[in-house]
Amino acid sequence: MPTPTPAPHQDALDFLLTRRSRPHKTLTLPAPDKTALMPLLTAAARTPDHGKLEPWRFIVLGPDALQNLGRLARSRGVELGHDPDQIEKIATMFERAPLSVAVIASPKPSEKIPEIEQTLSAGAACLGLLNAALAAGWGANWLTGWPAYDRVMLTSGLNLGPHEFVAGFIHLGTETSKPPERPRPDLEAITEWRA
């Protein structure tokens, strides 16, 4: 007797096979409001989470918060001696974003779940939010950069605890242009089959 084939969710599979992040420079207003954003955050929170620790949280960054982060990135970038072009690129990333959600990796003490698994769960929450936003028709992009790891940016800009960092800034808005497809990995080169 042949093994039954599972019934596919073909629309979802087609979406995942063709999904494409939208460059943050091409995003504009409108951005999702709280009502539109809550289902996206709900989808992101359905990420694999061994031990049900919820080792992540979300900070929704509106226009004022993003302007503040841009200003802080400029002053902090100078303090750190970063290249002026890179400072400007990071600052504008914040200042031009219609809306951003900082996905905060917030590992919890656990004897069973190593911190690396909790960090991977935070990354999965980033991808969940990105894909949910794209599936809902929004333009979205997942970025980090040095502000995601700089302790002064994290404490002064986002009020994070000493054990926390930014797994990703998910920028959301309305896409102004559809990006071309980009080269994708060669599956034959990165896949090993073992019997």
# chains A, B, ... in the order shown; residues from 1 in each chain; ligands from 1
>>> select_by_dssp(residues="chain A", states="alpha helix (DSSP H)", output="ChimeraX atom specification")
/A:10-18,34-44,63-80,84-95,115-135,151-152,158,187-190
>>> closest_atom_pairs(of="segment 75-146 of chain A", to="segment 165-174 of chain A", cutoff="7 Å", atoms="only C-alpha atoms", output="Markdown table")
| residue | atom | partner | partner_atom | distance |
| --- | --- | --- | --- | --- |
| A:Ala97 | CA | A:His171 | CA | 6.2 |
| A:Pro98 | CA | A:Gly173 | CA | 5.6 |
| A:Leu99 | CA | A:Leu172 | CA | 5.3 |
| A:Ser100 | CA | A:His171 | CA | 4.3 |
| A:Val101 | CA | A:Ile170 | CA | 5.1 |
| A:Ala102 | CA | A:Phe169 | CA | 4.5 |
| A:Val103 | CA | A:Gly168 | CA | 5.4 |
| A:Ile104 | CA | A:Val166 | CA | 4.6 |
| A:Ala105 | CA | A:Phe165 | CA | 5.4 |
| A:Ala122 | CA | A:Ala167 | CA | 6.3 |
| A:Gly123 | CA | A:Ala167 | CA | 6.0 |
| A:Cys126 | CA | A:Gly168 | CA | 6.3 |
| A:Leu130 | CA | A:Ile170 | CA | 6.7 |
| A:Trp138 | CA | A:Thr174 | CA | 5.5 |
| A:Gly139 | CA | A:Thr174 | CA | 5.2 |
| A:Ala140 | CA | A:Leu172 | CA | 4.6 |
| A:Asn141 | CA | A:His171 | CA | 5.2 |
| A:Trp142 | CA | A:Ile170 | CA | 4.5 |
| A:Leu143 | CA | A:Phe169 | CA | 5.2 |
| A:Thr144 | CA | A:Gly168 | CA | 5.2 |
>>> closest_atom_pairs(of="segment 56-146 of chain A", to="segment 37-45 of chain A", cutoff="6 Å", atoms="only C-alpha atoms", output="CSV")
residue,atom,partner,partner_atom,distance
A:Ala125,CA,A:Ala44,CA,4.8
A:Gly128,CA,A:Ala44,CA,4.3
A:Leu129,CA,A:Ala44,CA,4.5
A:Ala132,CA,A:Leu40,CA,5.4
>>> write_last_selection(atoms="N, CA and C atoms", output="PDB file, in the first residue's frame")
ATOM      1  N   ALA A 125      12.052  34.192  15.052  1.00  0.00           N
ATOM      2  CA  ALA A 125      10.994  35.198  15.234  1.00  0.00           C
ATOM      3  C   ALA A 125      11.159  36.331  14.219  1.00  0.00           C
ATOM      4  N   GLY A 128       9.905  34.949  10.994  1.00  0.00           N
ATOM      5  CA  GLY A 128       8.452  34.841  11.064  1.00  0.00           C
ATOM      6  C   GLY A 128       7.769  36.179  10.842  1.00  0.00           C
ATOM      7  N   LEU A 129       8.309  37.231  11.455  1.00  0.00           N
ATOM      8  CA  LEU A 129       7.731  38.568  11.284  1.00  0.00           C
ATOM      9  C   LEU A 129       7.925  39.065   9.850  1.00  0.00           C
ATOM     10  N   ALA A 132       5.548  37.101   7.603  1.00  0.00           N
ATOM     11  CA  ALA A 132       4.154  37.485   7.853  1.00  0.00           C
ATOM     12  C   ALA A 132       3.852  38.835   7.219  1.00  0.00           C
TER      13      ALA A 132
END
>>> residues_around(residues="segment 93-96 of chain A", least_positions_apart="5", cutoff="8 Å", atoms="only C-alpha atoms", output="list of chain:residue names")
A:His24, A:Lys25, A:Pro63, A:Leu66, A:Gln67, A:Leu69, A:Gly70
>>> closest_residue(among="A:Arg194, A:Arg71, A:Arg182, A:Arg76", to="Arg22 of chain A", atoms="only C-alpha atoms")
A:Arg182
>>> select_by_dssp(residues="segment 1-157 of chain A", states="strand (DSSP E or B)", output="compact mmCIF listing (two decimals) with N, CA, C and O atoms, in the first residue's frame")
# COMPACT_ATOMS: atom_id res chain seq x y z
N LEU A 27 11.02 51.47 0.93
CA LEU A 27 9.81 51.45 1.75
C LEU A 27 9.37 52.87 2.08
O LEU A 27 10.19 53.73 2.38
N THR A 28 8.07 53.07 2.07
CA THR A 28 7.52 54.38 2.37
C THR A 28 6.22 54.20 3.16
O THR A 28 5.79 53.08 3.43
N TRP A 56 12.67 36.15 23.49
CA TRP A 56 12.65 37.30 22.60
C TRP A 56 11.47 38.17 22.98
O TRP A 56 10.55 37.72 23.66
N ARG A 57 11.54 39.40 22.55
CA ARG A 57 10.42 40.32 22.73
C ARG A 57 10.49 41.35 21.62
O ARG A 57 11.47 41.39 20.87
N PHE A 58 9.46 42.15 21.49
CA PHE A 58 9.36 43.11 20.39
C PHE A 58 9.30 44.54 20.91
O PHE A 58 8.63 44.81 21.90
N ILE A 59 10.01 45.44 20.24
CA ILE A 59 9.88 46.87 20.50
C ILE A 59 9.46 47.51 19.17
O ILE A 59 10.22 47.47 18.19
N VAL A 60 8.26 48.08 19.14
CA VAL A 60 7.76 48.73 17.93
C VAL A 60 8.27 50.17 17.94
O VAL A 60 8.02 50.93 18.87
N LEU A 61 9.00 50.52 16.88
CA LEU A 61 9.65 51.83 16.78
C LEU A 61 8.92 52.70 15.77
O LEU A 61 8.97 52.44 14.56
N LEU A 99 8.37 52.43 9.68
CA LEU A 99 8.10 51.75 10.95
C LEU A 99 9.13 50.64 11.08
O LEU A 99 9.56 50.07 10.08
N SER A 100 9.53 50.34 12.29
CA SER A 100 10.47 49.23 12.48
C SER A 100 10.09 48.50 13.76
O SER A 100 9.60 49.11 14.71
N VAL A 101 10.31 47.20 13.74
CA VAL A 101 10.14 46.39 14.94
C VAL A 101 11.51 45.82 15.29
O VAL A 101 12.11 45.11 14.48
N ALA A 102 12.01 46.18 16.46
CA ALA A 102 13.25 45.59 16.95
C ALA A 102 12.87 44.27 17.63
O ALA A 102 12.11 44.27 18.59
N VAL A 103 13.39 43.18 17.08
CA VAL A 103 13.20 41.87 17.71
C VAL A 103 14.38 41.69 18.65
O VAL A 103 15.53 41.64 18.23
N ILE A 104 14.06 41.65 19.93
CA ILE A 104 15.08 41.62 20.97
C ILE A 104 15.33 40.18 21.41
O ILE A 104 14.41 39.50 21.87
N ALA A 105 16.58 39.73 21.26
CA ALA A 105 16.98 38.44 21.82
C ALA A 105 17.15 38.65 23.33
O ALA A 105 17.91 39.50 23.76
N GLY A 139 5.78 45.80 2.43
CA GLY A 139 7.20 45.67 2.15
C GLY A 139 7.92 45.49 3.47
O GLY A 139 7.53 46.10 4.48
N ALA A 140 8.94 44.64 3.49
CA ALA A 140 9.63 44.38 4.75
C ALA A 140 11.07 43.99 4.49
O ALA A 140 11.38 43.39 3.45
N ASN A 141 11.93 44.33 5.45
CA ASN A 141 13.34 44.03 5.34
C ASN A 141 13.90 43.78 6.74
O ASN A 141 13.53 44.48 7.69
N TRP A 142 14.81 42.82 6.86
CA TRP A 142 15.45 42.46 8.13
C TRP A 142 16.89 42.94 8.07
O TRP A 142 17.67 42.48 7.25
N LEU A 143 17.24 43.89 8.95
CA LEU A 143 18.59 44.44 8.99
C LEU A 143 19.13 44.43 10.42
O LEU A 143 18.36 44.36 11.38
>>> atom_distance(atom1="atom CA of Ala133 of chain A", atom2="atom CA of Phe15 of chain A")
12.0 Å
>>> residues_around(residues="Gly77 of chain A", least_positions_apart="5", cutoff="12 Å", atoms="only C-alpha atoms", output="number ranges by chain")
A: 69-72, 82-91, 145-147, 150, 152-153
>>> decode(residues="segment 71-177 of chain A", atoms="C-alpha atoms", output="PDB file, in the first residue's frame")
ATOM      1  CA  ARG A  71      20.675  60.783  15.978  1.00  0.00           C
ATOM      2  CA  LEU A  72      22.224  58.381  18.484  1.00  0.00           C
ATOM      3  CA  ALA A  73      23.769  56.325  15.664  1.00  0.00           C
ATOM      4  CA  ARG A  74      25.411  59.470  14.295  1.00  0.00           C
ATOM      5  CA  SER A  75      26.956  60.521  17.602  1.00  0.00           C
ATOM      6  CA  ARG A  76      27.865  56.993  18.668  1.00  0.00           C
ATOM      7  CA  GLY A  77      29.344  56.189  15.258  1.00  0.00           C
ATOM      8  CA  VAL A  78      31.681  59.183  15.580  1.00  0.00           C
ATOM      9  CA  GLU A  79      32.674  58.092  19.112  1.00  0.00           C
ATOM     10  CA  LEU A  80      33.493  54.615  17.803  1.00  0.00           C
ATOM     11  CA  GLY A  81      35.490  56.012  14.873  1.00  0.00           C
ATOM     12  CA  HIS A  82      33.313  54.454  12.182  1.00  0.00           C
ATOM     13  CA  ASP A  83      33.642  55.539   8.568  1.00  0.00           C
ATOM     14  CA  PRO A  84      31.435  58.623   7.962  1.00  0.00           C
ATOM     15  CA  ASP A  85      29.688  56.947   5.013  1.00  0.00           C
ATOM     16  CA  GLN A  86      28.826  53.941   7.163  1.00  0.00           C
ATOM     17  CA  ILE A  87      27.556  56.200   9.953  1.00  0.00           C
ATOM     18  CA  GLU A  88      25.300  58.011   7.490  1.00  0.00           C
ATOM     19  CA  LYS A  89      24.053  54.726   6.033  1.00  0.00           C
ATOM     20  CA  ILE A  90      23.085  53.382   9.466  1.00  0.00           C
ATOM     21  CA  ALA A  91      21.536  56.663  10.653  1.00  0.00           C
ATOM     22  CA  THR A  92      19.441  56.978   7.490  1.00  0.00           C
ATOM     23  CA  MET A  93      18.355  53.359   7.835  1.00  0.00           C
ATOM     24  CA  PHE A  94      16.535  54.438  10.994  1.00  0.00           C
ATOM     25  CA  GLU A  95      15.438  57.913   9.927  1.00  0.00           C
ATOM     26  CA  ARG A  96      13.880  56.828   6.615  1.00  0.00           C
ATOM     27  CA  ALA A  97      12.076  53.765   7.947  1.00  0.00           C
ATOM     28  CA  PRO A  98       8.283  54.192   8.007  1.00  0.00           C
ATOM     29  CA  LEU A  99       8.098  51.752  10.953  1.00  0.00           C
ATOM     30  CA  SER A 100      10.465  49.234  12.479  1.00  0.00           C
ATOM     31  CA  VAL A 101      10.143  46.390  14.943  1.00  0.00           C
ATOM     32  CA  ALA A 102      13.253  45.585  16.945  1.00  0.00           C
ATOM     33  CA  VAL A 103      13.198  41.873  17.706  1.00  0.00           C
ATOM     34  CA  ILE A 104      15.082  41.621  20.970  1.00  0.00           C
ATOM     35  CA  ALA A 105      16.977  38.441  21.825  1.00  0.00           C
ATOM     36  CA  SER A 106      16.356  38.062  25.542  1.00  0.00           C
ATOM     37  CA  PRO A 107      17.763  34.710  26.681  1.00  0.00           C
ATOM     38  CA  LYS A 108      16.437  33.234  29.916  1.00  0.00           C
ATOM     39  CA  PRO A 109      18.404  31.218  32.476  1.00  0.00           C
ATOM     40  CA  SER A 110      17.782  27.543  31.759  1.00  0.00           C
ATOM     41  CA  GLU A 111      19.491  24.291  32.658  1.00  0.00           C
ATOM     42  CA  LYS A 112      17.807  22.538  29.735  1.00  0.00           C
ATOM     43  CA  ILE A 113      17.816  25.046  26.875  1.00  0.00           C
ATOM     44  CA  PRO A 114      21.261  26.382  25.869  1.00  0.00           C
ATOM     45  CA  GLU A 115      21.546  30.062  25.046  1.00  0.00           C
ATOM     46  CA  ILE A 116      22.401  29.322  21.416  1.00  0.00           C
ATOM     47  CA  GLU A 117      19.010  27.636  20.950  1.00  0.00           C
ATOM     48  CA  GLN A 118      17.321  30.680  22.449  1.00  0.00           C
ATOM     49  CA  THR A 119      19.256  32.971  20.100  1.00  0.00           C
ATOM     50  CA  LEU A 120      18.236  30.830  17.130  1.00  0.00           C
ATOM     51  CA  SER A 121      14.624  31.126  18.293  1.00  0.00           C
ATOM     52  CA  ALA A 122      14.952  34.930  18.248  1.00  0.00           C
ATOM     53  CA  GLY A 123      16.265  34.699  14.686  1.00  0.00           C
ATOM     54  CA  ALA A 124      13.297  32.524  13.772  1.00  0.00           C
ATOM     55  CA  ALA A 125      10.994  35.198  15.234  1.00  0.00           C
ATOM     56  CA  CYS A 126      12.657  37.720  12.892  1.00  0.00           C
ATOM     57  CA  LEU A 127      11.993  35.517   9.877  1.00  0.00           C
ATOM     58  CA  GLY A 128       8.452  34.841  11.064  1.00  0.00           C
ATOM     59  CA  LEU A 129       7.731  38.568  11.284  1.00  0.00           C
ATOM     60  CA  LEU A 130       9.395  39.273   7.946  1.00  0.00           C
ATOM     61  CA  ASN A 131       7.433  36.545   6.159  1.00  0.00           C
ATOM     62  CA  ALA A 132       4.154  37.485   7.853  1.00  0.00           C
ATOM     63  CA  ALA A 133       4.582  41.107   6.753  1.00  0.00           C
ATOM     64  CA  LEU A 134       5.387  40.114   3.180  1.00  0.00           C
ATOM     65  CA  ALA A 135       2.480  37.650   3.096  1.00  0.00           C
ATOM     66  CA  ALA A 136       0.173  40.443   4.299  1.00  0.00           C
ATOM     67  CA  GLY A 137       1.274  42.612   1.371  1.00  0.00           C
ATOM     68  CA  TRP A 138       3.652  44.957   3.193  1.00  0.00           C
ATOM     69  CA  GLY A 139       7.195  45.671   2.147  1.00  0.00           C
ATOM     70  CA  ALA A 140       9.628  44.380   4.752  1.00  0.00           C
ATOM     71  CA  ASN A 141      13.344  44.031   5.345  1.00  0.00           C
ATOM     72  CA  TRP A 142      15.447  42.457   8.126  1.00  0.00           C
ATOM     73  CA  LEU A 143      18.592  44.437   8.992  1.00  0.00           C
ATOM     74  CA  THR A 144      21.076  44.636  11.854  1.00  0.00           C
ATOM     75  CA  GLY A 145      24.413  46.496  11.620  1.00  0.00           C
ATOM     76  CA  TRP A 146      26.632  47.580  14.485  1.00  0.00           C
ATOM     77  CA  PRO A 147      23.796  49.301  16.460  1.00  0.00           C
ATOM     78  CA  ALA A 148      22.300  45.843  17.046  1.00  0.00           C
ATOM     79  CA  TYR A 149      25.325  44.900  19.172  1.00  0.00           C
ATOM     80  CA  ASP A 150      26.752  48.137  20.532  1.00  0.00           C
ATOM     81  CA  ARG A 151      26.022  48.259  24.257  1.00  0.00           C
ATOM     82  CA  VAL A 152      25.587  52.060  24.338  1.00  0.00           C
ATOM     83  CA  MET A 153      23.063  51.929  21.475  1.00  0.00           C
ATOM     84  CA  LEU A 154      21.245  49.071  23.190  1.00  0.00           C
ATOM     85  CA  THR A 155      21.029  50.713  26.596  1.00  0.00           C
ATOM     86  CA  SER A 156      20.680  54.398  25.659  1.00  0.00           C
ATOM     87  CA  GLY A 157      18.645  53.868  22.499  1.00  0.00           C
ATOM     88  CA  LEU A 158      16.467  50.898  23.411  1.00  0.00           C
ATOM     89  CA  ASN A 159      16.779  50.493  27.197  1.00  0.00           C
ATOM     90  CA  LEU A 160      17.812  46.832  26.886  1.00  0.00           C
ATOM     91  CA  GLY A 161      19.065  44.703  29.727  1.00  0.00           C
ATOM     92  CA  PRO A 162      22.742  43.658  29.856  1.00  0.00           C
ATOM     93  CA  HIS A 163      21.912  40.156  28.574  1.00  0.00           C
ATOM     94  CA  GLU A 164      19.838  41.409  25.605  1.00  0.00           C
ATOM     95  CA  PHE A 165      20.681  42.389  22.034  1.00  0.00           C
ATOM     96  CA  VAL A 166      18.844  43.084  18.785  1.00  0.00           C
ATOM     97  CA  ALA A 167      18.338  39.973  16.663  1.00  0.00           C
ATOM     98  CA  GLY A 168      16.957  42.158  13.900  1.00  0.00           C
ATOM     99  CA  PHE A 169      15.381  45.447  12.963  1.00  0.00           C
ATOM    100  CA  ILE A 170      12.405  44.513  10.789  1.00  0.00           C
ATOM    101  CA  HIS A 171      11.583  47.590   8.709  1.00  0.00           C
ATOM    102  CA  LEU A 172       7.991  47.737   7.465  1.00  0.00           C
ATOM    103  CA  GLY A 173       6.155  49.933   5.028  1.00  0.00           C
ATOM    104  CA  THR A 174       4.684  50.136   1.558  1.00  0.00           C
ATOM    105  CA  GLU A 175       6.975  49.069  -1.246  1.00  0.00           C
ATOM    106  CA  THR A 176       7.574  51.631  -3.971  1.00  0.00           C
ATOM    107  CA  SER A 177       9.247  49.237  -6.416  1.00  0.00           C
TER     108      SER A 177
END
